[in-house]
file final-v6.cif (mmCIF, C-alpha atoms)
data_final
loop_
_atom_site.group_PDB
_atom_site.id
_atom_site.type_symbol
_atom_site.label_atom_id
_atom_site.label_comp_id
_atom_site.auth_asym_id
_atom_site.auth_seq_id
_atom_site.Cartn_x
_atom_site.Cartn_y
_atom_site.Cartn_z
ATOM 1 C CA MET A 1 55.234 -87.260 17.382
ATOM 2 C CA ALA A 2 53.395 -88.545 14.307
ATOM 3 C CA GLU A 3 55.482 -89.774 11.391
ATOM 4 C CA ARG A 4 55.649 -87.142 8.673
ATOM 5 C CA LEU A 5 53.978 -88.296 5.467
ATOM 6 C CA PRO A 6 55.795 -88.036 2.152
ATOM 7 C CA SER A 7 54.654 -85.684 -0.616
ATOM 8 C CA LEU A 8 50.949 -86.097 -1.447
ATOM 9 C CA PRO A 9 51.456 -85.448 -5.204
ATOM 10 C CA ALA A 10 54.190 -88.060 -5.244
ATOM 11 C CA LEU A 11 51.918 -90.569 -3.506
ATOM 12 C CA ARG A 12 49.157 -89.798 -6.038
ATOM 13 C CA VAL A 13 51.546 -90.496 -8.923
ATOM 14 C CA PHE A 14 52.773 -93.695 -7.246
ATOM 15 C CA GLU A 15 49.198 -94.920 -6.756
ATOM 16 C CA ALA A 16 48.397 -94.453 -10.455
ATOM 17 C CA ALA A 17 51.662 -95.989 -11.643
ATOM 18 C CA GLY A 18 51.393 -98.933 -9.231
ATOM 19 C CA ARG A 19 47.765 -99.601 -10.152
ATOM 20 C CA LEU A 20 48.438 -99.395 -13.901
ATOM 21 C CA LEU A 21 52.011 -100.804 -13.745
ATOM 22 C CA SER A 22 52.982 -98.249 -16.355
ATOM 23 C CA PHE A 23 54.545 -94.801 -16.124
ATOM 24 C CA THR A 24 53.168 -93.999 -19.580
ATOM 25 C CA ARG A 25 49.560 -94.820 -18.704
ATOM 26 C CA ALA A 26 49.867 -93.102 -15.314
ATOM 27 C CA ALA A 27 51.069 -89.949 -17.081
ATOM 28 C CA ALA A 28 48.066 -90.073 -19.441
ATOM 29 C CA GLU A 29 45.603 -90.585 -16.555
ATOM 30 C CA LEU A 30 47.053 -87.726 -14.525
ATOM 31 C CA ASN A 31 47.537 -85.493 -17.569
ATOM 32 C CA VAL A 32 51.258 -84.994 -16.952
ATOM 33 C CA THR A 33 54.411 -86.020 -18.828
ATOM 34 C CA GLN A 34 56.135 -89.367 -18.356
ATOM 35 C CA ALA A 35 59.203 -87.478 -17.182
ATOM 36 C CA ALA A 36 57.110 -85.845 -14.435
ATOM 37 C CA VAL A 37 55.912 -89.275 -13.314
ATOM 38 C CA SER A 38 59.472 -90.596 -13.184
ATOM 39 C CA HIS A 39 60.585 -87.540 -11.208
ATOM 40 C CA GLN A 40 57.792 -87.924 -8.617
ATOM 41 C CA ILE A 41 58.507 -91.646 -8.182
ATOM 42 C CA ARG A 42 62.228 -90.986 -7.645
ATOM 43 C CA SER A 43 61.358 -88.246 -5.155
ATOM 44 C CA LEU A 44 59.046 -90.588 -3.227
ATOM 45 C CA GLU A 45 61.641 -93.375 -3.188
ATOM 46 C CA ASP A 46 64.218 -90.894 -1.860
ATOM 47 C CA GLN A 47 61.812 -89.793 0.889
ATOM 48 C CA LEU A 48 61.099 -93.421 1.877
ATOM 49 C CA GLY A 49 64.694 -94.570 1.498
ATOM 50 C CA GLN A 50 63.840 -97.629 -0.588
ATOM 51 C CA PRO A 51 62.778 -98.502 -4.150
ATOM 52 C CA LEU A 52 59.114 -99.018 -4.982
ATOM 53 C CA PHE A 53 59.496 -100.381 -8.526
ATOM 54 C CA GLU A 54 61.838 -102.736 -10.321
ATOM 55 C CA ARG A 55 62.471 -101.258 -13.740
ATOM 56 C CA THR A 56 62.998 -104.003 -16.320
ATOM 57 C CA THR A 57 63.233 -103.688 -20.087
ATOM 58 C CA ARG A 58 59.828 -105.290 -20.640
ATOM 59 C CA ARG A 59 57.625 -104.291 -17.721
ATOM 60 C CA LEU A 60 57.271 -102.410 -14.460
ATOM 61 C CA VAL A 61 57.175 -104.502 -11.291
ATOM 62 C CA LEU A 62 56.398 -103.454 -7.745
ATOM 63 C CA THR A 63 58.989 -104.214 -5.090
ATOM 64 C CA ALA A 64 57.908 -105.679 -1.752
ATOM 65 C CA ALA A 65 57.775 -102.119 -0.362
ATOM 66 C CA GLY A 66 55.686 -100.997 -3.343
ATOM 67 C CA GLU A 67 53.267 -103.886 -2.899
ATOM 68 C CA ARG A 68 52.847 -102.958 0.751
ATOM 69 C CA LEU A 69 52.281 -99.260 0.051
ATOM 70 C CA LEU A 70 49.938 -99.529 -2.952
ATOM 71 C CA PRO A 71 46.769 -100.886 -1.208
ATOM 72 C CA ALA A 72 47.033 -98.237 1.510
ATOM 73 C CA ALA A 73 47.545 -95.457 -1.049
ATOM 74 C CA SER A 74 44.618 -96.656 -3.187
ATOM 75 C CA ALA A 75 42.325 -96.892 -0.150
ATOM 76 C CA ALA A 76 43.363 -93.432 1.081
ATOM 77 C CA PHE A 77 42.777 -91.715 -2.265
ATOM 78 C CA GLY A 78 39.514 -93.594 -2.717
ATOM 79 C CA THR A 79 38.315 -92.308 0.654
ATOM 80 C CA LEU A 80 39.327 -88.754 -0.255
ATOM 81 C CA GLU A 81 37.588 -88.926 -3.631
ATOM 82 C CA ARG A 82 34.338 -90.167 -2.051
ATOM 83 C CA ALA A 83 34.466 -87.467 0.640
ATOM 84 C CA VAL A 84 35.042 -84.720 -1.924
ATOM 85 C CA ALA A 85 32.193 -86.078 -4.086
ATOM 86 C CA ASP A 86 29.885 -86.106 -1.048
ATOM 87 C CA LEU A 87 30.816 -82.509 -0.216
ATOM 88 C CA ARG A 88 30.148 -81.400 -3.783
ATOM 89 C CA ARG A 89 26.779 -83.136 -3.809
ATOM 90 C CA ALA A 90 25.839 -81.581 -0.471
ATOM 91 C CA ARG A 91 26.789 -78.128 -1.711
ATOM 92 C CA ALA A 92 24.627 -78.570 -4.810
ATOM 93 C CA GLN A 93 21.579 -79.964 -2.990
ATOM 94 C CA LEU A 94 18.722 -77.485 -2.696
ATOM 95 C CA THR A 95 16.150 -78.164 0.016
ATOM 96 C CA ILE A 96 12.722 -76.549 -0.430
ATOM 97 C CA THR A 97 9.559 -76.646 1.638
ATOM 98 C CA THR A 98 6.042 -75.873 0.473
ATOM 99 C CA THR A 99 2.482 -77.013 1.091
ATOM 100 C CA PRO A 100 1.330 -80.344 -0.382
ATOM 101 C CA PHE A 101 -1.343 -78.683 -2.532
ATOM 102 C CA PHE A 102 0.909 -75.967 -3.971
ATOM 103 C CA GLY A 103 3.660 -78.513 -4.464
ATOM 104 C CA ALA A 104 1.375 -80.819 -6.438
ATOM 105 C CA ARG A 105 -0.494 -78.176 -8.451
ATOM 106 C CA TRP A 106 2.182 -75.590 -9.210
ATOM 107 C CA LEU A 107 5.704 -76.679 -8.287
ATOM 108 C CA ALA A 108 5.874 -80.348 -9.319
ATOM 109 C CA PRO A 109 4.883 -79.779 -12.981
ATOM 110 C CA ARG A 110 7.712 -77.241 -13.305
ATOM 111 C CA LEU A 111 10.562 -79.026 -11.498
ATOM 112 C CA GLY A 112 11.484 -80.970 -14.628
ATOM 113 C CA ARG A 113 12.274 -77.727 -16.437
ATOM 114 C CA PHE A 114 14.463 -76.572 -13.550
ATOM 115 C CA ALA A 115 16.324 -79.902 -13.517
ATOM 116 C CA ALA A 116 16.932 -79.647 -17.272
ATOM 117 C CA ARG A 117 18.410 -76.160 -16.887
ATOM 118 C CA HIS A 118 20.403 -76.933 -13.747
ATOM 119 C CA PRO A 119 21.475 -80.598 -13.725
ATOM 120 C CA GLU A 120 24.176 -79.699 -11.191
ATOM 121 C CA ILE A 121 21.534 -78.916 -8.536
ATOM 122 C CA GLU A 122 19.717 -81.747 -6.760
ATOM 123 C CA VAL A 123 16.323 -80.605 -5.457
ATOM 124 C CA SER A 124 14.727 -82.024 -2.322
ATOM 125 C CA VAL A 125 11.147 -80.922 -1.542
ATOM 126 C CA ARG A 126 9.556 -81.210 1.902
ATOM 127 C CA HIS A 127 5.777 -80.845 1.976
ATOM 128 C CA THR A 128 4.121 -79.501 5.099
ATOM 129 C CA THR A 129 1.486 -76.961 6.059
ATOM 130 C CA ALA A 130 3.603 -75.771 9.005
ATOM 131 C CA MET A 131 6.025 -72.863 8.668
ATOM 132 C CA LEU A 132 9.284 -74.574 9.563
ATOM 133 C CA ASP A 133 12.355 -72.992 11.129
ATOM 134 C CA LEU A 134 14.451 -72.800 7.978
ATOM 135 C CA GLY A 135 17.787 -72.510 9.760
ATOM 136 C CA SER A 136 17.439 -75.362 12.233
ATOM 137 C CA GLU A 137 15.733 -77.615 9.664
ATOM 138 C CA GLY A 138 18.453 -77.092 7.049
ATOM 139 C CA ILE A 139 16.014 -75.672 4.484
ATOM 140 C CA ASP A 140 17.233 -73.281 1.800
ATOM 141 C CA LEU A 141 13.897 -71.923 0.592
ATOM 142 C CA ALA A 142 10.200 -71.951 1.415
ATOM 143 C CA LEU A 143 7.270 -71.297 -0.927
ATOM 144 C CA ARG A 144 4.411 -69.999 1.187
ATOM 145 C CA THR A 145 1.202 -68.002 1.063
ATOM 146 C CA GLY A 146 0.771 -64.984 3.295
ATOM 147 C CA ARG A 147 1.273 -61.250 3.475
ATOM 148 C CA GLY A 148 5.059 -61.411 3.220
ATOM 149 C CA ARG A 149 5.742 -60.792 6.877
ATOM 150 C CA TRP A 150 7.915 -63.477 8.444
ATOM 151 C CA PRO A 151 10.216 -62.103 11.171
ATOM 152 C CA GLY A 152 13.911 -62.554 10.427
ATOM 153 C CA LEU A 153 13.312 -63.819 6.888
ATOM 154 C CA GLU A 154 13.454 -62.258 3.441
ATOM 155 C CA ALA A 155 10.320 -62.680 1.308
ATOM 156 C CA THR A 156 9.924 -62.068 -2.431
ATOM 157 C CA LEU A 157 6.436 -61.842 -3.920
ATOM 158 C CA ILE A 158 5.897 -64.450 -6.618
ATOM 159 C CA ALA A 159 2.272 -63.651 -7.443
ATOM 160 C CA PRO A 160 -0.676 -61.918 -5.751
ATOM 161 C CA LEU A 161 -3.575 -64.073 -4.598
ATOM 162 C CA THR A 162 -7.345 -63.862 -4.604
ATOM 163 C CA MET A 163 -9.652 -66.190 -2.699
ATOM 164 C CA VAL A 164 -13.037 -67.048 -4.146
ATOM 165 C CA PRO A 165 -15.948 -69.102 -2.722
ATOM 166 C CA VAL A 166 -16.563 -72.207 -4.827
ATOM 167 C CA ALA A 167 -18.965 -75.118 -4.704
ATOM 168 C CA ALA A 168 -20.165 -78.004 -6.826
ATOM 169 C CA PRO A 169 -23.001 -76.975 -9.210
ATOM 170 C CA SER A 170 -25.310 -79.537 -7.594
ATOM 171 C CA TYR A 171 -24.705 -78.046 -4.136
ATOM 172 C CA ILE A 172 -25.420 -74.508 -5.335
ATOM 173 C CA GLU A 173 -28.727 -75.671 -6.806
ATOM 174 C CA HIS A 174 -29.624 -77.736 -3.739
ATOM 175 C CA VAL A 175 -29.012 -74.940 -1.207
ATOM 176 C CA LYS A 176 -30.247 -72.181 -3.586
ATOM 177 C CA LEU A 177 -27.231 -69.909 -3.264
ATOM 178 C CA HIS A 178 -28.259 -66.802 -5.189
ATOM 179 C CA GLU A 179 -27.690 -63.920 -2.745
ATOM 180 C CA PHE A 180 -25.197 -63.231 0.020
ATOM 181 C CA ALA A 181 -27.881 -63.829 2.649
ATOM 182 C CA ASP A 182 -28.288 -67.401 1.363
ATOM 183 C CA MET A 183 -24.869 -68.220 2.801
ATOM 184 C CA ALA A 184 -26.559 -68.613 6.187
ATOM 185 C CA ARG A 185 -27.910 -71.947 4.852
ATOM 186 C CA ALA A 186 -24.579 -73.146 3.484
ATOM 187 C CA THR A 187 -22.028 -75.419 5.110
ATOM 188 C CA LEU A 188 -18.713 -73.573 5.126
ATOM 189 C CA LEU A 189 -15.599 -75.661 4.573
ATOM 190 C CA HIS A 190 -12.406 -74.264 6.098
ATOM 191 C CA ASP A 191 -8.721 -74.581 5.251
ATOM 192 C CA GLU A 192 -7.004 -74.742 8.675
ATOM 193 C CA SER A 193 -8.232 -71.296 9.744
ATOM 194 C CA ARG A 194 -11.730 -69.793 9.966
ATOM 195 C CA GLU A 195 -10.369 -66.242 9.599
ATOM 196 C CA GLU A 196 -10.695 -66.058 5.795
ATOM 197 C CA TRP A 197 -14.393 -66.926 5.878
ATOM 198 C CA ALA A 198 -14.981 -64.394 8.664
ATOM 199 C CA GLU A 199 -13.321 -61.711 6.512
ATOM 200 C CA TRP A 200 -15.331 -62.666 3.408
ATOM 201 C CA LEU A 201 -18.656 -62.662 5.310
ATOM 202 C CA SER A 202 -17.909 -59.256 6.807
ATOM 203 C CA ILE A 203 -17.179 -57.740 3.387
ATOM 204 C CA ALA A 204 -20.369 -59.378 2.049
ATOM 205 C CA GLY A 205 -22.345 -57.705 4.830
ATOM 206 C CA GLN A 206 -23.129 -60.987 6.576
ATOM 207 C CA ASP A 207 -22.599 -62.169 10.131
ATOM 208 C CA PRO A 208 -18.917 -63.236 10.501
ATOM 209 C CA ALA A 209 -20.014 -65.551 13.319
ATOM 210 C CA LEU A 210 -21.216 -67.942 10.589
ATOM 211 C CA ALA A 211 -17.526 -68.787 10.101
ATOM 212 C CA ARG A 212 -17.529 -70.573 13.459
ATOM 213 C CA GLN A 213 -19.394 -73.492 11.900
ATOM 214 C CA GLY A 214 -18.305 -76.098 9.380
ATOM 215 C CA PRO A 215 -15.451 -78.642 9.217
ATOM 216 C CA VAL A 216 -11.799 -77.614 9.118
ATOM 217 C CA PHE A 217 -9.272 -79.408 6.857
ATOM 218 C CA ASP A 218 -5.506 -79.254 7.282
ATOM 219 C CA ASP A 219 -4.862 -80.554 3.763
ATOM 220 C CA GLU A 220 -6.037 -78.595 0.735
ATOM 221 C CA HIS A 221 -6.317 -81.794 -1.337
ATOM 222 C CA VAL A 222 -8.947 -83.092 1.093
ATOM 223 C CA LEU A 223 -10.691 -79.705 1.183
ATOM 224 C CA ILE A 224 -11.006 -79.645 -2.620
ATOM 225 C CA ALA A 225 -12.221 -83.257 -2.622
ATOM 226 C CA ALA A 226 -14.884 -82.346 -0.054
ATOM 227 C CA VAL A 227 -16.178 -79.308 -1.929
ATOM 228 C CA THR A 228 -16.097 -81.115 -5.291
ATOM 229 C CA SER A 229 -18.210 -83.925 -3.839
ATOM 230 C CA GLY A 230 -20.901 -81.412 -2.812
ATOM 231 C CA GLN A 231 -20.283 -81.153 0.943
ATOM 232 C CA GLY A 232 -20.349 -77.339 1.140
ATOM 233 C CA VAL A 233 -18.717 -74.087 0.020
ATOM 234 C CA ALA A 234 -14.958 -73.545 0.262
ATOM 235 C CA LEU A 235 -13.011 -70.295 0.126
ATOM 236 C CA VAL A 236 -9.948 -71.165 -1.944
ATOM 237 C CA LEU A 237 -7.132 -69.662 -3.973
ATOM 238 C CA ARG A 238 -8.642 -69.326 -7.415
ATOM 239 C CA ASN A 239 -5.556 -70.093 -9.468
ATOM 240 C CA LEU A 240 -5.150 -73.466 -7.719
ATOM 241 C CA VAL A 241 -8.650 -74.638 -8.701
ATOM 242 C CA GLU A 242 -8.728 -73.347 -12.279
ATOM 243 C CA GLU A 243 -8.679 -76.975 -13.423
ATOM 244 C CA GLU A 244 -11.877 -77.770 -11.538
ATOM 245 C CA ILE A 245 -13.545 -74.516 -12.613
ATOM 246 C CA ASP A 246 -12.636 -75.048 -16.290
ATOM 247 C CA SER A 247 -13.963 -78.615 -16.164
ATOM 248 C CA GLY A 248 -17.209 -77.503 -14.501
ATOM 249 C CA HIS A 249 -16.686 -79.553 -11.341
ATOM 250 C CA LEU A 250 -16.589 -76.339 -9.307
ATOM 251 C CA VAL A 251 -18.295 -72.994 -9.809
ATOM 252 C CA PRO A 252 -17.526 -69.610 -8.189
ATOM 253 C CA VAL A 253 -20.538 -68.952 -5.984
ATOM 254 C CA PHE A 254 -20.223 -65.147 -6.031
ATOM 255 C CA ASP A 255 -17.918 -62.630 -7.701
ATOM 256 C CA LEU A 256 -16.783 -61.267 -4.334
ATOM 257 C CA THR A 257 -13.165 -62.229 -3.642
ATOM 258 C CA ILE A 258 -10.700 -61.408 -0.884
ATOM 259 C CA GLY A 259 -6.932 -61.426 -0.724
ATOM 260 C CA GLU A 260 -5.656 -57.859 -0.605
ATOM 261 C CA GLY A 261 -2.004 -58.031 0.424
ATOM 262 C CA TRP A 262 -1.909 -61.808 0.100
ATOM 263 C CA GLY A 263 0.362 -63.628 -2.272
ATOM 264 C CA TYR A 264 2.701 -66.492 -2.950
ATOM 265 C CA TYR A 265 6.110 -65.704 -1.513
ATOM 266 C CA LEU A 266 9.555 -67.173 -1.876
ATOM 267 C CA VAL A 267 11.036 -67.050 1.636
ATOM 268 C CA HIS A 268 14.597 -67.584 2.850
ATOM 269 C CA GLN A 269 17.087 -66.497 5.482
ATOM 270 C CA ALA A 270 18.971 -63.251 4.983
ATOM 271 C CA GLY A 271 21.966 -63.652 2.683
ATOM 272 C CA MET A 272 20.876 -66.979 1.174
ATOM 273 C CA ALA A 273 20.161 -65.340 -2.193
ATOM 274 C CA LYS A 274 23.931 -65.001 -2.653
ATOM 275 C CA LEU A 275 24.278 -68.790 -2.943
ATOM 276 C CA ALA A 276 24.337 -69.899 -6.576
ATOM 277 C CA LYS A 277 21.816 -72.713 -6.080
ATOM 278 C CA VAL A 278 19.353 -70.421 -4.282
ATOM 279 C CA ALA A 279 19.744 -67.641 -6.845
ATOM 280 C CA ALA A 280 19.166 -70.135 -9.674
ATOM 281 C CA PHE A 281 15.933 -71.457 -8.187
ATOM 282 C CA ARG A 282 14.718 -67.984 -7.190
ATOM 283 C CA ASN A 283 15.204 -66.689 -10.744
ATOM 284 C CA PHE A 284 13.518 -69.776 -12.178
ATOM 285 C CA VAL A 285 10.432 -69.412 -9.965
ATOM 286 C CA LEU A 286 10.076 -65.714 -10.776
ATOM 287 C CA ARG A 287 10.311 -66.462 -14.521
ATOM 288 C CA GLU A 288 7.730 -69.220 -14.262
ATOM 289 C CA ALA A 289 5.364 -66.988 -12.299
ATOM 290 C CA ALA A 290 5.753 -64.157 -14.839
ATOM 291 C CA VAL A 291 4.948 -66.488 -17.743
ATOM 292 C CA ASN A 292 1.796 -67.722 -16.044
ATOM 293 C CA LYS A 293 0.377 -64.357 -14.951
#
call {"tool": "encode", "arguments": {"input": "final-v6.cif", "output": "structure tokens"}}
result
Amino acid sequence: MAERLPSLPALRVFEAAGRLLSFTRAAAELNVTQAAVSHQIRSLEDQLGQPLFERTTRRLVLTAAGERLLPAASAAFGTLERAVADLRRARAQLTITTTPFFGARWLAPRLGRFAARHPEIEVSVRHTTAMLDLGSEGIDLALRTGRGRWPGLEATLIAPLTMVPVAAPSYIEHVKLHEFADMARATLLHDESREEWAEWLSIAGQDPALARQGPVFDDEHVLIAAVTSGQGVALVLRNLVEEEIDSGHLVPVFDLTIGEGWGYYLVHQAGMAKLAKVAAFRNFVLREAAVNK
């Protein structure tokens, strides 16, 4: 049978008193009275059956037993303190996933404000275009575009989306894009899927089969770089290219947009909104989105 350990509070008091060699300073560190320290030390000595300190008129001195016990007590409490600190940090860490483009254009410029309001929460952002399994990947929240339908997950609309065809002014002039029918001459640039272009062409009264042509990019940064350099027409989320439109590097080719039912969503597993860190970030994102409508 394992040896029964003495009182943990008494050991904690002994560790402080032995390290500081002062009951008075140990009492101040532990925020207790000197009498309480003396009582705990006497209790520990009674439990161990031997003295731990020699009490002289001028100073406190550890006995041989005290000198043997102190390093072990200090190491044990140090290990406990580090473990508790690690647990607290883990509980306050918020793991988010979003796409690289949305992360760079929308989320990153705002994270500083969240950190200032919630210094107790450490944010970790994972950028990927794939919809990860939040539970198995240990992810608290995802920021994604879609129609809000992810089986087994809760989704909150952050902002509705519209997709608009854009191109560099030089490309529009070169290809002579003035009417919908002129799109048959254009090179269509795709973001992962060709479905959006097929939908846009159908609404514009054009052959959706045109969407089968043109390069596909799995990174929106590269897609925007390609369209800005005059390689074709891209169908993109307008609010993420406002910078390029305002600067004149990109121009909406036509007024026709698509995106009914689409939006930015904050996605998480059921019940996660009850966690303080998740609720804090959720409320922050919704406030930021409302300000920038």
call {"tool": "resolve_selection", "arguments": {"input": "final-v6.cif", "expression": "the PyMOL selection byres ((chain A and resi 168) around 6)", "output": "MDAnalysis selection string"}}
result
chainID A and resid 167 169:171 228 230 249:250
call {"tool": "closest_residue", "arguments": {"input": "final-v6.cif", "among": "A:Ala186, A:Leu210, A:Leu30, A:Leu266", "to": "Glu173 in chain A", "atoms": "all atoms listed in the file"}}
result
A:Ala186
call {"tool": "closest_residue", "arguments": {"input": "final-v6.cif", "among": "A:Ala276, A:Ala75, A:Ala26, A:Val236", "to": "Ser38 in chain A", "atoms": "all atoms listed in the file"}}
result
A:Ala26
call {"tool": "resolve_selection", "arguments": {"input": "final-v6.cif", "expression": "the PyMOL selection byres ((chain A and resi 64-68) around 12)", "output": "list in words"}}
result
Leu11, Phe14, Glu15, Ala17, Gly18, Arg19, Leu21, Ile41, Leu44, Glu45, Leu48, Gly49, Gln50, Pro51, Leu52, Phe53, Glu54, Leu60, Val61, Leu62, Thr63, Leu69, Leu70, Pro71, Ala72, Ala73 and Ser74 of chain A
call {"tool": "residues_around", "arguments": {"input": "final-v6.cif", "residues": "Gly261 in chain A", "least_positions_apart": "4", "cutoff": "9 Å", "atoms": "only C-alpha atoms", "output": "list in words"}}
result
Gly146, Arg147, Gly148, Pro160 and Leu161 of chain A
call {"tool": "write_last_selection", "arguments": {"input": "final-v6.cif", "atoms": "C-alpha atoms", "output": "tab-separated table (two decimals), keeping the file's coordinate frame"}}
result
chain	number	residue	atom	x	y	z
A	146	GLY	CA	0.77	-64.98	3.30
A	147	ARG	CA	1.27	-61.25	3.48
A	148	GLY	CA	5.06	-61.41	3.22
A	160	PRO	CA	-0.68	-61.92	-5.75
A	161	LEU	CA	-3.58	-64.07	-4.60
call {"tool": "resolve_selection", "arguments": {"input": "final-v6.cif", "expression": "the PyMOL selection byres ((chain A and resi 233) around 7)", "output": "ChimeraX atom specification"}}
result
/A:165-167,186-189,227,232,234-235
call {"tool": "write_last_selection", "arguments": {"input": "final-v6.cif", "atoms": "C-alpha atoms", "output": "JSON list (two decimals), keeping the file's coordinate frame"}}
result
[["chain", "number", "residue", "atom", "x", "y", "z"],
["A", 165, "PRO", "CA", -15.95, -69.10, -2.72],
["A", 166, "VAL", "CA", -16.56, -72.21, -4.83],
["A", 167, "ALA", "CA", -18.96, -75.12, -4.70],
["A", 186, "ALA", "CA", -24.58, -73.15, 3.48],
["A", 187, "THR", "CA", -22.03, -75.42, 5.11],
["A", 188, "LEU", "CA", -18.71, -73.57, 5.13],
["A", 189, "LEU", "CA", -15.60, -75.66, 4.57],
["A", 227, "VAL", "CA", -16.18, -79.31, -1.93],
["A", 232, "GLY", "CA", -20.35, -77.34, 1.14],
["A", 234, "ALA", "CA", -14.96, -73.54, 0.26],
["A", 235, "LEU", "CA", -13.01, -70.30, 0.13]]
